[in-house]
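Colleague: Hey, dropping data11.cif in here, mmCIF, C-alpha atoms:
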```cif
data_my_file
#
loop_
_atom_site.group_PDB
_atom_site.id
_atom_site.type_symbol
_atom_site.label_atom_id
_atom_site.label_comp_id
_atom_site.auth_asym_id
_atom_site.auth_seq_id
_atom_site.Cartn_x
_atom_site.Cartn_y
_atom_site.Cartn_z
ATOM 1 C CA MET A 12 -2.522 11.065 -43.395
ATOM 2 C CA VAL A 13 -4.985 9.140 -41.264
ATOM 3 C CA LYS A 14 -5.414 10.638 -37.782
ATOM 4 C CA ILE A 15 -6.086 8.344 -34.848
ATOM 5 C CA GLN A 16 -7.074 9.850 -31.501
ATOM 6 C CA THR A 17 -6.598 7.789 -28.327
ATOM 7 C CA VAL A 18 -8.820 9.088 -25.555
ATOM 8 C CA CYS A 19 -8.705 8.829 -21.764
ATOM 9 C CA GLY A 20 -10.066 10.912 -18.921
ATOM 10 C CA PHE A 21 -7.531 13.715 -19.147
ATOM 11 C CA GLY A 22 -5.468 12.939 -22.222
ATOM 12 C CA CYS A 23 -2.235 12.416 -20.371
ATOM 13 C CA GLY A 24 -2.260 8.943 -18.828
ATOM 14 C CA SER A 25 -3.809 5.801 -20.207
ATOM 15 C CA SER A 26 -4.287 7.330 -23.664
ATOM 16 C CA LEU A 27 -0.486 7.414 -23.917
ATOM 17 C CA PHE A 28 -0.283 3.659 -23.246
ATOM 18 C CA LEU A 29 -2.820 3.040 -25.991
ATOM 19 C CA LYS A 30 -1.076 5.431 -28.384
ATOM 20 C CA MET A 31 2.200 3.537 -27.920
ATOM 21 C CA LYS A 32 0.506 0.182 -28.486
ATOM 22 C CA ILE A 33 -1.156 1.389 -31.684
ATOM 23 C CA GLU A 34 2.087 2.910 -32.962
ATOM 24 C CA ASP A 35 3.842 -0.445 -32.448
ATOM 25 C CA ILE A 36 1.136 -2.195 -34.402
ATOM 26 C CA LEU A 37 1.192 0.358 -37.228
ATOM 27 C CA LYS A 38 4.938 -0.096 -37.518
ATOM 28 C CA GLU A 39 4.733 -3.892 -37.558
ATOM 29 C CA ASN A 40 2.063 -3.808 -40.232
ATOM 30 C CA LYS A 41 3.768 -1.078 -42.242
ATOM 31 C CA LEU A 42 0.820 1.277 -41.904
ATOM 32 C CA GLU A 43 1.048 5.019 -41.559
ATOM 33 C CA ALA A 44 -1.057 7.227 -39.329
ATOM 34 C CA GLU A 45 -0.695 10.096 -36.929
ATOM 35 C CA VAL A 46 -1.646 8.977 -33.423
ATOM 36 C CA PHE A 47 -2.358 11.577 -30.748
ATOM 37 C CA CYS A 48 -3.799 11.649 -27.213
ATOM 38 C CA GLY A 49 -7.009 13.377 -26.280
ATOM 39 C CA ASP A 50 -9.326 13.707 -23.297
ATOM 40 C CA VAL A 51 -12.945 12.728 -22.988
ATOM 41 C CA GLY A 52 -14.065 16.345 -22.579
ATOM 42 C CA THR A 53 -12.530 17.825 -25.708
ATOM 43 C CA CYS A 54 -12.045 14.815 -27.996
ATOM 44 C CA ALA A 55 -15.119 15.697 -30.062
ATOM 45 C CA SER A 56 -13.575 18.971 -31.190
ATOM 46 C CA ALA A 57 -10.174 17.507 -32.133
ATOM 47 C CA PRO A 58 -10.190 16.612 -35.843
ATOM 48 C CA CYS A 59 -9.492 12.887 -36.392
ATOM 49 C CA ASP A 60 -10.632 9.910 -38.465
ATOM 50 C CA VAL A 61 -11.215 7.471 -35.626
ATOM 51 C CA ILE A 62 -11.181 7.362 -31.823
ATOM 52 C CA PHE A 63 -9.743 4.483 -29.781
ATOM 53 C CA THR A 64 -10.756 4.373 -26.125
ATOM 54 C CA SER A 65 -11.714 2.145 -23.196
ATOM 55 C CA GLU A 66 -15.064 0.527 -22.618
ATOM 56 C CA GLU A 67 -16.106 2.848 -19.795
ATOM 57 C CA LEU A 68 -15.367 6.046 -21.690
ATOM 58 C CA ALA A 69 -16.825 4.953 -25.021
ATOM 59 C CA ASP A 70 -20.382 5.555 -23.809
ATOM 60 C CA ARG A 71 -19.508 9.151 -23.061
ATOM 61 C CA ILE A 72 -18.029 9.683 -26.503
ATOM 62 C CA MET A 73 -20.396 7.879 -28.847
ATOM 63 C CA GLY A 74 -23.171 10.121 -30.023
ATOM 64 C CA ARG A 75 -21.022 13.228 -29.611
ATOM 65 C CA VAL A 76 -18.681 12.448 -32.493
ATOM 66 C CA ASN A 77 -19.189 11.566 -36.127
ATOM 67 C CA VAL A 78 -16.146 9.325 -36.462
ATOM 68 C CA PRO A 79 -15.994 5.621 -35.562
ATOM 69 C CA VAL A 80 -15.290 4.860 -31.877
ATOM 70 C CA VAL A 81 -13.226 1.707 -31.344
ATOM 71 C CA VAL A 82 -13.417 0.126 -27.877
ATOM 72 C CA ILE A 83 -10.352 -1.543 -26.390
ATOM 73 C CA LYS A 84 -10.890 -3.568 -23.218
ATOM 74 C CA SER A 85 -7.273 -4.298 -22.361
ATOM 75 C CA PHE A 86 -4.596 -2.004 -23.741
ATOM 76 C CA VAL A 87 -2.017 -4.796 -23.700
ATOM 77 C CA ASN A 88 -4.129 -7.301 -25.581
ATOM 78 C CA LYS A 89 -2.099 -7.050 -28.743
ATOM 79 C CA LYS A 90 -4.327 -9.401 -30.715
ATOM 80 C CA ASP A 91 -7.396 -7.320 -29.952
ATOM 81 C CA VAL A 92 -5.727 -3.963 -30.639
ATOM 82 C CA THR A 93 -4.155 -5.319 -33.833
ATOM 83 C CA GLU A 94 -7.408 -6.758 -35.169
ATOM 84 C CA LYS A 95 -9.317 -3.569 -34.454
ATOM 85 C CA THR A 96 -6.617 -1.342 -35.924
ATOM 86 C CA LEU A 97 -6.409 -3.417 -39.099
ATOM 87 C CA ALA A 98 -10.205 -3.554 -39.347
ATOM 88 C CA PHE A 99 -10.322 0.224 -39.233
ATOM 89 C CA PHE A 100 -7.772 0.525 -42.029
ATOM 90 C CA GLU A 101 -9.737 -2.006 -44.089
ATOM 91 C CA SER A 102 -12.897 0.024 -43.613
ATOM 92 C CA LEU A 103 -11.122 2.977 -45.204
ATOM 93 C CA ASN A 104 -10.696 1.067 -48.443
ATOM 94 C CA LYS A 105 -14.366 0.271 -48.822
ATOM 95 C CA MET B 29 14.048 3.772 -17.017
ATOM 96 C CA GLY B 30 15.716 3.617 -13.603
ATOM 97 C CA ASN B 31 16.096 7.371 -13.965
ATOM 98 C CA PHE B 32 12.431 7.892 -13.276
ATOM 99 C CA LEU B 33 11.342 5.303 -10.743
ATOM 100 C CA ASN B 34 13.811 5.062 -7.914
ATOM 101 C CA LYS B 35 13.550 3.123 -4.676
ATOM 102 C CA ASN B 36 11.730 5.928 -2.891
ATOM 103 C CA HIS B 37 8.898 5.759 -5.414
ATOM 104 C CA ILE B 38 8.140 2.063 -5.034
ATOM 105 C CA ARG B 39 6.320 0.137 -2.288
ATOM 106 C CA VAL B 40 5.842 -3.605 -2.304
ATOM 107 C CA LYS B 41 3.079 -5.746 -0.755
ATOM 108 C CA GLU B 42 1.050 -2.829 0.565
ATOM 109 C CA THR B 43 -2.244 -3.625 2.216
ATOM 110 C CA ALA B 44 -5.367 -1.893 0.920
ATOM 111 C CA SER B 45 -8.943 -2.506 2.015
ATOM 112 C CA ASP B 46 -10.487 -1.446 -1.302
ATOM 113 C CA TRP B 47 -9.693 0.445 -4.518
ATOM 114 C CA GLU B 48 -9.929 3.863 -2.870
ATOM 115 C CA ASP B 49 -7.468 2.774 -0.239
ATOM 116 C CA ALA B 50 -5.158 1.411 -2.948
ATOM 117 C CA ILE B 51 -5.129 4.811 -4.684
ATOM 118 C CA ARG B 52 -4.514 6.532 -1.335
ATOM 119 C CA LYS B 53 -1.563 4.231 -0.603
ATOM 120 C CA ALA B 54 -0.040 4.919 -4.018
ATOM 121 C CA GLY B 55 -0.742 8.641 -3.686
ATOM 122 C CA ALA B 56 0.840 8.739 -0.222
ATOM 123 C CA VAL B 57 4.181 7.834 -1.791
ATOM 124 C CA LEU B 58 4.109 10.966 -3.952
ATOM 125 C CA VAL B 59 2.848 13.061 -1.039
ATOM 126 C CA SER B 60 5.842 11.928 1.023
ATOM 127 C CA GLU B 61 8.116 12.864 -1.875
ATOM 128 C CA ASN B 62 6.448 16.292 -1.878
ATOM 129 C CA SER B 63 5.472 15.887 -5.543
ATOM 130 C CA ILE B 64 1.741 16.190 -4.926
ATOM 131 C CA GLU B 65 -0.633 17.399 -2.214
ATOM 132 C CA THR B 66 -3.194 15.209 -0.496
ATOM 133 C CA ALA B 67 -5.962 17.068 -2.333
ATOM 134 C CA TYR B 68 -4.684 15.545 -5.589
ATOM 135 C CA VAL B 69 -5.119 12.043 -4.146
ATOM 136 C CA GLU B 70 -8.794 12.787 -3.549
ATOM 137 C CA LYS B 71 -9.084 14.090 -7.113
ATOM 138 C CA MET B 72 -7.756 10.766 -8.421
ATOM 139 C CA ILE B 73 -10.435 8.932 -6.450
ATOM 140 C CA GLN B 74 -13.115 11.385 -7.560
ATOM 141 C CA SER B 75 -12.200 10.871 -11.206
ATOM 142 C CA VAL B 76 -12.816 7.110 -10.932
ATOM 143 C CA LYS B 77 -16.177 7.839 -9.303
ATOM 144 C CA GLU B 78 -17.096 10.174 -12.144
ATOM 145 C CA LEU B 79 -15.612 8.438 -15.168
ATOM 146 C CA GLY B 80 -15.658 4.811 -14.047
ATOM 147 C CA PRO B 81 -12.841 2.325 -13.579
ATOM 148 C CA TYR B 82 -11.347 2.950 -17.018
ATOM 149 C CA ILE B 83 -7.979 3.499 -15.306
ATOM 150 C CA VAL B 84 -7.698 -0.284 -15.021
ATOM 151 C CA ILE B 85 -6.285 -0.364 -18.533
ATOM 152 C CA MET B 86 -5.010 -3.925 -18.542
ATOM 153 C CA PRO B 87 -5.456 -7.019 -16.386
ATOM 154 C CA GLY B 88 -4.252 -6.424 -12.834
ATOM 155 C CA PHE B 89 -3.090 -2.858 -13.399
ATOM 156 C CA ALA B 90 -4.536 0.573 -12.586
ATOM 157 C CA LEU B 91 -3.106 3.905 -13.686
ATOM 158 C CA ALA B 92 -4.350 6.339 -11.069
ATOM 159 C CA HIS B 93 -4.236 9.970 -12.069
ATOM 160 C CA ALA B 94 -6.264 13.165 -12.323
ATOM 161 C CA ALA B 95 -6.043 16.223 -14.536
ATOM 162 C CA PRO B 96 -2.971 18.463 -14.262
ATOM 163 C CA CYS B 97 -3.590 20.983 -11.478
ATOM 164 C CA GLU B 98 -1.863 23.187 -8.947
ATOM 165 C CA GLU B 99 -1.834 20.419 -6.315
ATOM 166 C CA VAL B 100 0.886 18.762 -8.401
ATOM 167 C CA HIS B 101 4.288 20.299 -7.630
ATOM 168 C CA ARG B 102 6.216 18.301 -10.167
ATOM 169 C CA SER B 103 5.406 15.549 -12.635
ATOM 170 C CA ASP B 104 6.165 12.277 -10.928
ATOM 171 C CA VAL B 105 5.142 8.629 -10.675
ATOM 172 C CA ALA B 106 4.968 6.044 -7.897
ATOM 173 C CA LEU B 107 4.319 2.334 -8.155
ATOM 174 C CA ILE B 108 2.873 0.063 -5.493
ATOM 175 C CA THR B 109 2.042 -3.611 -5.459
ATOM 176 C CA LEU B 110 -0.684 -4.984 -3.231
ATOM 177 C CA LYS B 111 -0.476 -7.913 -0.868
ATOM 178 C CA GLU B 112 -4.108 -8.718 -1.615
ATOM 179 C CA PRO B 113 -5.537 -7.481 -4.916
ATOM 180 C CA VAL B 114 -8.568 -5.177 -4.911
ATOM 181 C CA LYS B 115 -11.526 -4.798 -7.255
ATOM 182 C CA PHE B 116 -12.286 -1.590 -9.132
ATOM 183 C CA GLY B 117 -15.405 -2.899 -10.870
ATOM 184 C CA SER B 118 -13.478 -3.277 -14.117
ATOM 185 C CA PRO B 119 -13.345 -6.221 -16.536
ATOM 186 C CA ASN B 120 -9.601 -6.209 -15.858
ATOM 187 C CA ASP B 121 -10.034 -6.841 -12.107
ATOM 188 C CA PRO B 122 -8.551 -7.757 -9.699
ATOM 189 C CA VAL B 123 -5.816 -5.151 -9.470
ATOM 190 C CA SER B 124 -2.515 -5.827 -7.765
ATOM 191 C CA VAL B 125 -0.295 -3.119 -9.286
ATOM 192 C CA VAL B 126 -1.124 0.611 -9.072
ATOM 193 C CA LEU B 127 0.859 3.326 -10.799
ATOM 194 C CA CYS B 128 0.099 6.790 -9.488
ATOM 195 C CA LEU B 129 0.800 9.651 -11.868
ATOM 196 C CA GLY B 130 0.863 13.331 -11.111
ATOM 197 C CA CYS B 131 1.473 15.754 -13.950
ATOM 198 C CA THR B 132 1.836 19.506 -13.997
ATOM 199 C CA ASP B 133 0.706 19.730 -17.622
ATOM 200 C CA THR B 134 -0.223 17.301 -20.397
ATOM 201 C CA SER B 135 3.233 16.979 -21.956
ATOM 202 C CA SER B 136 6.180 17.318 -19.548
ATOM 203 C CA HIS B 137 5.776 13.794 -18.157
ATOM 204 C CA LEU B 138 5.412 11.993 -21.471
ATOM 205 C CA ASP B 139 9.009 10.759 -21.788
ATOM 206 C CA MET B 140 8.932 9.477 -18.226
ATOM 207 C CA LEU B 141 5.567 7.781 -18.585
ATOM 208 C CA SER B 142 6.245 6.251 -21.984
ATOM 209 C CA SER B 143 9.472 4.705 -20.772
ATOM 210 C CA ILE B 144 7.628 3.115 -17.846
ATOM 211 C CA ALA B 145 4.673 2.149 -20.042
ATOM 212 C CA GLU B 146 6.980 0.275 -22.363
ATOM 213 C CA SER B 147 8.145 -1.991 -19.530
ATOM 214 C CA LEU B 148 4.679 -2.402 -18.037
ATOM 215 C CA MET B 149 3.126 -3.499 -21.332
ATOM 216 C CA GLU B 150 5.630 -6.298 -21.858
ATOM 217 C CA ASP B 151 4.120 -9.761 -21.672
ATOM 218 C CA GLY B 152 3.799 -10.977 -18.093
ATOM 219 C CA CYS B 153 5.212 -7.810 -16.542
ATOM 220 C CA ILE B 154 2.237 -7.085 -14.269
ATOM 221 C CA GLU B 155 2.159 -10.660 -13.040
ATOM 222 C CA ARG B 156 5.877 -10.635 -12.275
ATOM 223 C CA LEU B 157 5.516 -7.309 -10.464
ATOM 224 C CA SER B 158 2.611 -8.563 -8.372
ATOM 225 C CA LYS B 159 4.792 -11.441 -7.186
ATOM 226 C CA ALA B 160 7.894 -9.366 -6.503
ATOM 227 C CA SER B 161 9.015 -9.737 -2.907
ATOM 228 C CA ASP B 162 10.978 -6.505 -2.563
ATOM 229 C CA VAL B 163 11.708 -3.137 -4.154
ATOM 230 C CA ASP B 164 14.929 -4.329 -5.775
ATOM 231 C CA GLU B 165 13.065 -7.052 -7.582
ATOM 232 C CA VAL B 166 10.560 -4.488 -8.888
ATOM 233 C CA LEU B 167 13.423 -2.363 -10.177
ATOM 234 C CA ARG B 168 14.969 -5.385 -11.868
ATOM 235 C CA ILE B 169 11.681 -6.294 -13.572
ATOM 236 C CA LEU B 170 11.168 -2.758 -14.834
ATOM 237 C CA GLY B 171 14.760 -2.270 -15.822
ATOM 238 C CA GLY B 172 15.148 -5.598 -17.583
#
```
Would you mind writing the structure in this file as structure tokens?

Modeller:
Amino acid sequence: MVKIQTVCGFGCGSSLFLKMKIEDILKENKLEAEVFCGDVGTCASAPCDVIFTSEELADRIMGRVNVPVVVIKSFVNKKDVTEKTLAFFESLNK
Amino acid sequence: MGNFLNKNHIRVKETASDWEDAIRKAGAVLVSENSIETAYVEKMIQSVKELGPYIVIMPGFALAHAAPCEEVHRSDVALITLKEPVKFGSPNDPVSVVLCLGCTDTSSHLDMLSSIAESLMEDGCIERLSKASDVDEVLRILGG
């Protein structure tokens, strides 16, 4: 099972919004993955296949992790979140 | 959803001079409900200074919160709308709706927050909230 980590400052606020959005999109596109929340401090040590986060936090995460970091500017921009989620799944098939 | 955000946790058309003031106004609601201490409000502001305005997670909306700590007495949320929007320095500026979240740990508030998040992420919700003229209208928007 693919593991997606959504990351915010403390792993209990905005990452939940993003997790819910991604879960909606997975459901609509009949994709399966485990989505869980993490915080910027400990996200590098939580095993996952990809990290979704906001623009401001991405800089703090990139370079510390060896999984792709996907940047989402607005968590409600469904088109953007959908495209980036689907692109990640496509990259898995390469 | 009405179970979590009642009238006492909502303020409409608050005035705030800047983003810090907006967080203080939202935090004051939870202080008056005795859910958090004032020190937690300062932690919310500090976290934006340290981590940047990432809490502005969608256009017009900021989710103010800090890490779970002892200054939070119980997990709770408050929502305010601003008479004049403020800038956080985010691509999703200006902000006219602030949700203040206090949590005692990273899991006990998840049902509450996800139920509110579901309403807030509906198309046009933030815009409708920012135009709401009173608390009842806010409750209707979030409940509908």

Colleague: Please determine, counting all atoms listed in the file, which residue among A:Lys14, A:Lys84, A:Lys105, A:Lys41 has the shortest atom-to-atom distance to chain B.

Modeller: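 Answer, going by the shortest atom-to-atom distance: A:Lys84.
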
Colleague: For segment 158-163 of chain B, work out the shell of residues within 6 Å, counting only C-alpha atoms and skipping chain neighbours fewer than 4 positions away, then give it as a list in words.

Modeller: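 Within the cut-off, the hits are Val40, Thr109 and Ser124 of chain B.
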
Colleague: Show me which bits of chain B are within 6 Å of chain A, counting all atoms listed in the file, as a PyMOL selection string.

Modeller: chain B and resi 82+85-86+95+134+149

Colleague: Within 9 Å of (-5.5, 4.0, -38.5), in the coordinates the file gives, what residues turn up when you count only C-alpha atoms, written out as a list in words?

Modeller: Val13, Lys14, Ile15, Ile33, Leu37, Leu42, Glu43, Ala44, Glu45, Val46, Asp60, Val61, Thr96, Leu97, Ala98, Phe99, Phe100 and Leu103 of chain A

Colleague: In Å, rounded to a single decimal, give me how far atom CA of Ile38 of chain B is from atom CA of Glu78 of chain B.

Modeller: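 For atom CA of Glu78 of chain B relative to atom CA of Ile38 of chain B, the distance reads 27.4 Å.
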
Colleague: A:Thr17, A:Asn104, A:Pro58, A:Asp35: which is nearest Val82 of chain A, counting all atoms listed in the file?

Modeller: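 Closest to Val82 of chain A, using all atoms listed in the file: A:Thr17.
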
Colleague: If I put a ball of radius 12 Å at (-19.4, 12.4, -30.8) in the file's coordinates, which residues poke into it when counting only C-alpha atoms, written as an NGL selection string?

Modeller: :A and (51-62 or 68-80)

Colleague: Report, in Å to a single decimal, how far apart atom CA of Phe47 of chain A and atom CA of Val18 of chain A are.

Modeller: 8.7 Å

Colleague: Identify, on the basis of only C-alpha atoms, every residue whose closest approach to Leu129 of chain B does not exceed 9 Å; exclude the query and any residue fewer than 2 positions from it along the same chain; express the result as a list of chain:residue names.

Modeller: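 Result of the neighbour search: A:Gly24, B:Gly55, B:Leu58, B:Leu91, B:Ala92, B:His93, B:Ala94, B:Ser103, B:Asp104, B:Val105, B:Ala106, B:Leu107, B:Leu127, B:Cys131, B:Leu141.
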
Colleague: With distances taken over only C-alpha atoms, which of B:Ile64, B:Val59, B:Ala145, B:Leu170 is nearest to Gly130 of chain B?

Modeller: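 Ranked by minimum distance to Gly130 of chain B, first place goes to B:Ile64.
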
Colleague: What would the selection look like, as a PyMOL selection string, if the PyMOL selection byres ((chain B and resi 32) around 10) were run on the coordinates I just shared?

Modeller: chain B and resi 29-31+33-35+37+104-106+139-141+143-144

Colleague: For each of B:Lys41, B:His137, B:Arg102, B:Lys71, take the minimum atom-to-atom distance to Val125 of chain B, counting all atoms listed in the file, then give the residue where this is smallest.

Modeller: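 Nearest candidate to Val125 of chain B out of B:Lys41, B:His137, B:Arg102, B:Lys71: B:Lys41.
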
Colleague: Might you spell out which residues the PyMOL selection byres ((chain B and resi 154) around 8) would select in the displayed file, as a PyMOL selection string?

Modeller: chain B and resi 87-89+125+148-149+152-153+155-158
